[in-house]
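Asker: Here it is: the structure, laid out below.
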Amino acid sequence: MDVTENNKQAELKSVGLKATTPRLRILELFQKCAEEGGERRHLSAEDVFKELSSQGYDIGLATVYRVLTQFEQANILVRHHFDSDRALYELEEGTHHDHLVCLGCGKVVEFVDPDIERAQLAVAKRYGYQLVDHSLVLYGICEDCGHTDPKG
């Protein structure tokens, strides 16, 4: 067993989860996607199931859902509902970012914009709020999908 495998096992044990094969493979997949960056950082349960199946792992879809829920409860993953029919998950890395979502293909882009961050603080202050957290998702059509109306 290599050092990386030991690190994954230790990470799972530190949040009270046993280091089972499904948990280790799912954690490994999310870590790999986070390293690669891009929209593949955001995976659905079906994406995880298909990817692990293509790698030769026999992990059922129900197990994938169960592990994703456990990882969300343990703050390993964050769940997003960018569209109504499925949840997407990404590693919880402790850093803030907002999202752009394509209504055509579902591609997700992460971004941080200092002007938007300042504007949100100003709005909260204007209304007498102390901002604790926020989530911003912008929906549009990506360059790859063209400039067409997805609803029409």
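Naming works like this for the structure tokens: A, B, ... for the chains as they're shown, residue 1 at the start of each chain, ligands 1 onward in shown order.
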List the neighbours of Arg23 in chain A out to 12 Å using only C-alpha atoms; skip same-chain residues closer than 2 positions along the sequence, and give me the result as a PyMOL selection string.

Answerer: chain A and resi 5+8-9+11-13+17-21+25-30+48+52+57+59+63-71+76

Asker: Those residues you just picked out, can you put them in a file as a compact mmCIF listing (two decimals), in the first residue's frame with N, CA, C and O atoms?

Answerer:
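File result_13.txt, as written:
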```txt
# COMPACT_ATOMS: atom_id res chain seq x y z
N GLU A 5 -2.42 6.04 -0.46
CA GLU A 5 -3.50 5.18 0.04
C GLU A 5 -3.60 5.30 1.56
O GLU A 5 -4.69 5.39 2.12
N LYS A 8 -5.32 8.58 2.41
CA LYS A 8 -6.78 8.50 2.20
C LYS A 8 -7.44 7.76 3.36
O LYS A 8 -8.48 8.17 3.86
N GLN A 9 -6.82 6.66 3.77
CA GLN A 9 -7.37 5.90 4.90
C GLN A 9 -7.38 6.74 6.16
O GLN A 9 -8.38 6.76 6.89
N GLU A 11 -7.50 10.00 6.32
CA GLU A 11 -8.50 11.06 6.17
C GLU A 11 -9.89 10.54 6.50
O GLU A 11 -10.66 11.20 7.21
N LEU A 12 -10.21 9.36 6.01
CA LEU A 12 -11.52 8.78 6.30
C LEU A 12 -11.67 8.46 7.79
O LEU A 12 -12.70 8.76 8.40
N LYS A 13 -10.64 7.88 8.37
CA LYS A 13 -10.69 7.54 9.80
C LYS A 13 -10.82 8.79 10.67
O LYS A 13 -11.49 8.78 11.69
N LEU A 17 -15.06 7.47 9.55
CA LEU A 17 -15.51 6.52 8.52
C LEU A 17 -14.46 5.43 8.33
O LEU A 17 -13.27 5.70 8.28
N LYS A 18 -14.94 4.21 8.21
CA LYS A 18 -14.06 3.08 7.93
C LYS A 18 -13.55 3.19 6.50
O LYS A 18 -14.27 3.63 5.60
N ALA A 19 -12.32 2.82 6.27
CA ALA A 19 -11.70 2.94 4.95
C ALA A 19 -12.05 1.73 4.09
O ALA A 19 -11.23 0.84 3.85
N THR A 20 -13.30 1.69 3.60
CA THR A 20 -13.73 0.60 2.72
C THR A 20 -13.28 0.89 1.29
O THR A 20 -12.98 2.03 0.94
N THR A 21 -13.27 -0.14 0.46
CA THR A 21 -12.87 0.03 -0.94
C THR A 21 -13.74 1.06 -1.66
O THR A 21 -13.20 1.95 -2.32
N ARG A 25 -12.11 4.48 -3.25
CA ARG A 25 -12.15 4.74 -4.69
C ARG A 25 -12.90 6.04 -5.01
O ARG A 25 -12.50 6.79 -5.89
N ILE A 26 -13.98 6.31 -4.29
CA ILE A 26 -14.74 7.54 -4.54
C ILE A 26 -13.94 8.76 -4.10
O ILE A 26 -13.87 9.76 -4.83
N LEU A 27 -13.30 8.69 -2.95
CA LEU A 27 -12.45 9.79 -2.50
C LEU A 27 -11.32 10.03 -3.49
O LEU A 27 -11.03 11.17 -3.86
N GLU A 28 -10.70 8.97 -3.95
CA GLU A 28 -9.61 9.06 -4.93
C GLU A 28 -10.09 9.74 -6.22
O GLU A 28 -9.40 10.59 -6.77
N LEU A 29 -11.29 9.39 -6.68
CA LEU A 29 -11.83 9.99 -7.90
C LEU A 29 -12.03 11.50 -7.73
O LEU A 29 -11.63 12.28 -8.59
N PHE A 30 -12.61 11.91 -6.61
CA PHE A 30 -12.83 13.34 -6.39
C PHE A 30 -11.50 14.09 -6.25
O PHE A 30 -11.36 15.22 -6.73
N VAL A 48 -20.00 9.39 -10.99
CA VAL A 48 -19.08 8.61 -10.16
C VAL A 48 -19.24 7.13 -10.49
O VAL A 48 -18.25 6.41 -10.71
N LEU A 52 -16.21 4.87 -12.13
CA LEU A 52 -15.65 3.73 -11.41
C LEU A 52 -15.89 2.42 -12.16
O LEU A 52 -15.02 1.55 -12.19
N TYR A 57 -14.15 -1.17 -11.42
CA TYR A 57 -14.60 -1.37 -10.04
C TYR A 57 -16.07 -1.75 -10.04
O TYR A 57 -16.89 -1.14 -10.73
N ILE A 59 -18.82 -1.33 -8.03
CA ILE A 59 -19.44 -0.59 -6.93
C ILE A 59 -20.83 -0.17 -7.41
O ILE A 59 -20.96 0.51 -8.42
N THR A 63 -24.60 2.11 -3.48
CA THR A 63 -23.42 2.33 -2.63
C THR A 63 -22.82 3.70 -2.90
O THR A 63 -22.43 4.42 -1.97
N VAL A 64 -22.77 4.10 -4.17
CA VAL A 64 -22.24 5.43 -4.52
C VAL A 64 -23.08 6.50 -3.83
O VAL A 64 -22.53 7.41 -3.19
N TYR A 65 -24.40 6.41 -3.93
CA TYR A 65 -25.27 7.39 -3.27
C TYR A 65 -25.03 7.43 -1.76
O TYR A 65 -24.95 8.49 -1.15
N ARG A 66 -24.92 6.26 -1.16
CA ARG A 66 -24.71 6.17 0.29
C ARG A 66 -23.38 6.82 0.69
O ARG A 66 -23.32 7.61 1.64
N VAL A 67 -22.31 6.54 -0.06
CA VAL A 67 -21.00 7.11 0.25
C VAL A 67 -21.00 8.62 0.04
O VAL A 67 -20.45 9.37 0.87
N LEU A 68 -21.63 9.10 -1.02
CA LEU A 68 -21.70 10.55 -1.25
C LEU A 68 -22.41 11.25 -0.10
O LEU A 68 -21.97 12.31 0.36
N THR A 69 -23.49 10.65 0.39
CA THR A 69 -24.22 11.22 1.54
C THR A 69 -23.33 11.22 2.78
O THR A 69 -23.28 12.21 3.52
N GLN A 70 -22.62 10.13 3.01
CA GLN A 70 -21.71 10.06 4.16
C GLN A 70 -20.61 11.11 4.05
O GLN A 70 -20.27 11.77 5.03
N PHE A 71 -20.05 11.27 2.86
CA PHE A 71 -18.99 12.26 2.64
C PHE A 71 -19.52 13.68 2.82
O PHE A 71 -18.81 14.53 3.34
N ILE A 76 -16.55 16.20 3.72
CA ILE A 76 -15.52 15.86 2.73
C ILE A 76 -15.96 16.41 1.37
O ILE A 76 -15.15 16.89 0.60
```

Asker: Find the spatial neighbours of range 86-98 of chain A, counting only C-alpha atoms, within a cut-off of 7 Å - ignore same-chain residues fewer than 2 positions away - and output them as an mmCIF file with N, CA, C and O atoms, in the first residue's frame.

Answerer:
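Wrote result.cif, looks like this:
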```
data_model
loop_
_atom_site.group_PDB
_atom_site.id
_atom_site.type_symbol
_atom_site.label_atom_id
_atom_site.label_comp_id
_atom_site.auth_asym_id
_atom_site.auth_seq_id
_atom_site.Cartn_x
_atom_site.Cartn_y
_atom_site.Cartn_z
ATOM 1 N N PHE A 30 -12.607 11.912 -6.613
ATOM 2 C CA PHE A 30 -12.825 13.345 -6.392
ATOM 3 C C PHE A 30 -11.500 14.094 -6.247
ATOM 4 O O PHE A 30 -11.364 15.216 -6.734
ATOM 5 N N ARG A 41 -14.634 18.747 -11.750
ATOM 6 C CA ARG A 41 -14.587 18.801 -10.283
ATOM 7 C C ARG A 41 -15.973 18.545 -9.692
ATOM 8 O O ARG A 41 -16.104 18.231 -8.530
ATOM 9 N N HIS A 42 -17.015 18.737 -10.495
ATOM 10 C CA HIS A 42 -18.400 18.619 -10.046
ATOM 11 C C HIS A 42 -19.011 17.362 -10.662
ATOM 12 O O HIS A 42 -19.246 17.309 -11.860
ATOM 13 N N LEU A 43 -19.240 16.352 -9.828
ATOM 14 C CA LEU A 43 -19.704 15.054 -10.322
ATOM 15 C C LEU A 43 -21.032 14.673 -9.685
ATOM 16 O O LEU A 43 -21.240 14.892 -8.489
ATOM 17 N N SER A 44 -21.901 14.057 -10.493
ATOM 18 C CA SER A 44 -23.140 13.488 -9.969
ATOM 19 C C SER A 44 -22.865 12.064 -9.513
ATOM 20 O O SER A 44 -21.814 11.483 -9.823
ATOM 21 N N ASN A 75 -18.359 16.453 5.817
ATOM 22 C CA ASN A 75 -17.724 17.653 5.248
ATOM 23 C C ASN A 75 -16.520 17.349 4.377
ATOM 24 O O ASN A 75 -15.592 18.144 4.285
ATOM 25 N N ILE A 76 -16.550 16.195 3.718
ATOM 26 C CA ILE A 76 -15.524 15.864 2.731
ATOM 27 C C ILE A 76 -15.958 16.412 1.374
ATOM 28 O O ILE A 76 -15.148 16.890 0.596
ATOM 29 N N LEU A 77 -17.263 16.345 1.110
ATOM 30 C CA LEU A 77 -17.836 16.840 -0.137
ATOM 31 C C LEU A 77 -18.884 17.910 0.145
ATOM 32 O O LEU A 77 -19.470 17.944 1.227
ATOM 33 N N VAL A 78 -19.116 18.750 -0.861
ATOM 34 C CA VAL A 78 -20.189 19.742 -0.831
ATOM 35 C C VAL A 78 -21.163 19.365 -1.936
ATOM 36 O O VAL A 78 -20.743 19.048 -3.056
ATOM 37 N N ARG A 79 -22.456 19.400 -1.607
ATOM 38 C CA ARG A 79 -23.488 19.091 -2.603
ATOM 39 C C ARG A 79 -24.070 20.385 -3.149
ATOM 40 O O ARG A 79 -24.334 21.323 -2.402
ATOM 41 N N HIS A 80 -24.257 20.413 -4.463
ATOM 42 C CA HIS A 80 -24.872 21.560 -5.139
ATOM 43 C C HIS A 80 -26.074 21.082 -5.939
ATOM 44 O O HIS A 80 -26.067 19.971 -6.469
ATOM 45 N N HIS A 81 -27.079 21.937 -6.043
ATOM 46 C CA HIS A 81 -28.226 21.682 -6.916
ATOM 47 C C HIS A 81 -28.268 22.797 -7.942
ATOM 48 O O HIS A 81 -28.969 23.785 -7.777
ATOM 49 N N ASP A 83 -29.161 22.389 -11.146
ATOM 50 C CA ASP A 83 -30.389 22.226 -11.912
ATOM 51 C C ASP A 83 -31.312 21.333 -11.094
ATOM 52 O O ASP A 83 -30.926 20.787 -10.077
ATOM 53 N N SER A 84 -32.522 21.175 -11.516
ATOM 54 C CA SER A 84 -33.501 20.527 -10.653
ATOM 55 C C SER A 84 -33.429 19.004 -10.620
ATOM 56 O O SER A 84 -33.930 18.395 -9.694
ATOM 57 N N GLU A 110 -15.918 27.427 -11.984
ATOM 58 C CA GLU A 110 -15.730 28.106 -10.697
ATOM 59 C C GLU A 110 -15.014 29.426 -10.924
ATOM 60 O O GLU A 110 -14.157 29.524 -11.802
ATOM 61 N N PHE A 111 -15.381 30.428 -10.122
ATOM 62 C CA PHE A 111 -14.687 31.709 -10.218
ATOM 63 C C PHE A 111 -14.754 32.438 -8.882
ATOM 64 O O PHE A 111 -15.607 32.165 -8.048
ATOM 65 N N VAL A 112 -13.820 33.362 -8.707
ATOM 66 C CA VAL A 112 -13.822 34.296 -7.586
ATOM 67 C C VAL A 112 -13.622 35.669 -8.191
ATOM 68 O O VAL A 112 -12.712 35.875 -8.991
ATOM 69 N N SER A 135 -23.786 32.068 -1.344
ATOM 70 C CA SER A 135 -23.629 31.183 -2.490
ATOM 71 C C SER A 135 -24.149 31.924 -3.705
ATOM 72 O O SER A 135 -25.269 32.422 -3.698
ATOM 73 N N LEU A 136 -23.335 32.005 -4.747
ATOM 74 C CA LEU A 136 -23.728 32.688 -5.967
ATOM 75 C C LEU A 136 -23.572 31.726 -7.139
ATOM 76 O O LEU A 136 -22.509 31.145 -7.326
ATOM 77 N N VAL A 137 -24.656 31.551 -7.887
ATOM 78 C CA VAL A 137 -24.630 30.723 -9.085
ATOM 79 C C VAL A 137 -25.206 31.556 -10.214
ATOM 80 O O VAL A 137 -26.319 32.074 -10.119
#
```

Asker: Taking the backbone alone, and naming residues the way the document does, which bits of chain A are strand (DSSP E or B) by DSSP, as a VMD selection string?

Answerer: chain A and resid 43 77 to 80 88 to 91 98 to 102 108 to 111 137 to 140

Asker: Looking only at alpha helix (DSSP H) from DSSP on the backbone, list the matching residues of range 14-118 of chain A as an NGL selection string.

Answerer: :A and (14 or 21-36 or 45-54 or 61-73 or 114-118)

Asker: Taking C-alpha atoms for each residue, export the selection above as an mmCIF file, in the first residue's frame.

Answerer:
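What follows is the written file again-v1.cif:
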```
data_model
loop_
_atom_site.group_PDB
_atom_site.id
_atom_site.type_symbol
_atom_site.label_atom_id
_atom_site.label_comp_id
_atom_site.auth_asym_id
_atom_site.auth_seq_id
_atom_site.Cartn_x
_atom_site.Cartn_y
_atom_site.Cartn_z
ATOM 1 C CA SER A 14 -10.270 11.133 11.020
ATOM 2 C CA THR A 21 -12.872 0.031 -0.943
ATOM 3 C CA PRO A 22 -15.887 2.021 -2.235
ATOM 4 C CA ARG A 23 -15.070 4.981 0.029
ATOM 5 C CA LEU A 24 -11.397 4.937 -0.941
ATOM 6 C CA ARG A 25 -12.146 4.741 -4.694
ATOM 7 C CA ILE A 26 -14.744 7.537 -4.536
ATOM 8 C CA LEU A 27 -12.453 9.792 -2.497
ATOM 9 C CA GLU A 28 -9.614 9.064 -4.925
ATOM 10 C CA LEU A 29 -11.835 9.991 -7.896
ATOM 11 C CA PHE A 30 -12.825 13.345 -6.392
ATOM 12 C CA GLN A 31 -9.224 14.129 -5.444
ATOM 13 C CA LYS A 32 -8.052 13.298 -8.973
ATOM 14 C CA CYS A 33 -10.770 15.497 -10.506
ATOM 15 C CA ALA A 34 -9.879 18.367 -8.154
ATOM 16 C CA GLU A 35 -6.227 18.140 -9.199
ATOM 17 C CA GLU A 36 -7.212 18.224 -12.876
ATOM 18 C CA ALA A 45 -23.688 10.079 -8.408
ATOM 19 C CA GLU A 46 -24.197 8.717 -11.910
ATOM 20 C CA ASP A 47 -20.894 10.283 -13.063
ATOM 21 C CA VAL A 48 -19.083 8.607 -10.159
ATOM 22 C CA PHE A 49 -20.765 5.257 -10.861
ATOM 23 C CA LYS A 50 -19.919 5.359 -14.591
ATOM 24 C CA GLU A 51 -16.317 6.437 -14.000
ATOM 25 C CA LEU A 52 -15.649 3.734 -11.407
ATOM 26 C CA SER A 53 -17.345 1.108 -13.612
ATOM 27 C CA SER A 54 -15.143 2.137 -16.559
ATOM 28 C CA LEU A 61 -25.100 2.897 -7.681
ATOM 29 C CA ALA A 62 -26.846 2.584 -4.295
ATOM 30 C CA THR A 63 -23.419 2.335 -2.630
ATOM 31 C CA VAL A 64 -22.244 5.426 -4.519
ATOM 32 C CA TYR A 65 -25.270 7.394 -3.270
ATOM 33 C CA ARG A 66 -24.709 6.170 0.288
ATOM 34 C CA VAL A 67 -20.996 7.108 0.253
ATOM 35 C CA LEU A 68 -21.697 10.546 -1.253
ATOM 36 C CA THR A 69 -24.215 11.218 1.537
ATOM 37 C CA GLN A 70 -21.709 10.060 4.162
ATOM 38 C CA PHE A 71 -18.991 12.256 2.636
ATOM 39 C CA GLU A 72 -21.321 15.250 2.606
ATOM 40 C CA GLN A 73 -22.230 14.709 6.279
ATOM 41 C CA PRO A 114 -13.235 40.561 -5.810
ATOM 42 C CA ASP A 115 -15.726 43.149 -7.146
ATOM 43 C CA ILE A 116 -18.652 40.769 -6.593
ATOM 44 C CA GLU A 117 -17.377 39.912 -3.112
ATOM 45 C CA ARG A 118 -17.173 43.627 -2.201
#
```

Asker: For range 138-140 of chain A, list every protein, DNA or RNA residue within 7 Å, evaluated using only C-alpha atoms, and leave out those in the same chain fewer than 4 positions away; present the list as a list in words.

Answerer: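 Listing them by chain and then by number gives His99, Leu100, Val101, Cys102 and Leu103 of chain A.
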
Asker: What's the separation between CA of Gln55 in chain A and CA of Asp85 in chain A, in Å to one decimal place?

Answerer: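 CA of Asp85 in chain A lies 26.0 Å from CA of Gln55 in chain A.
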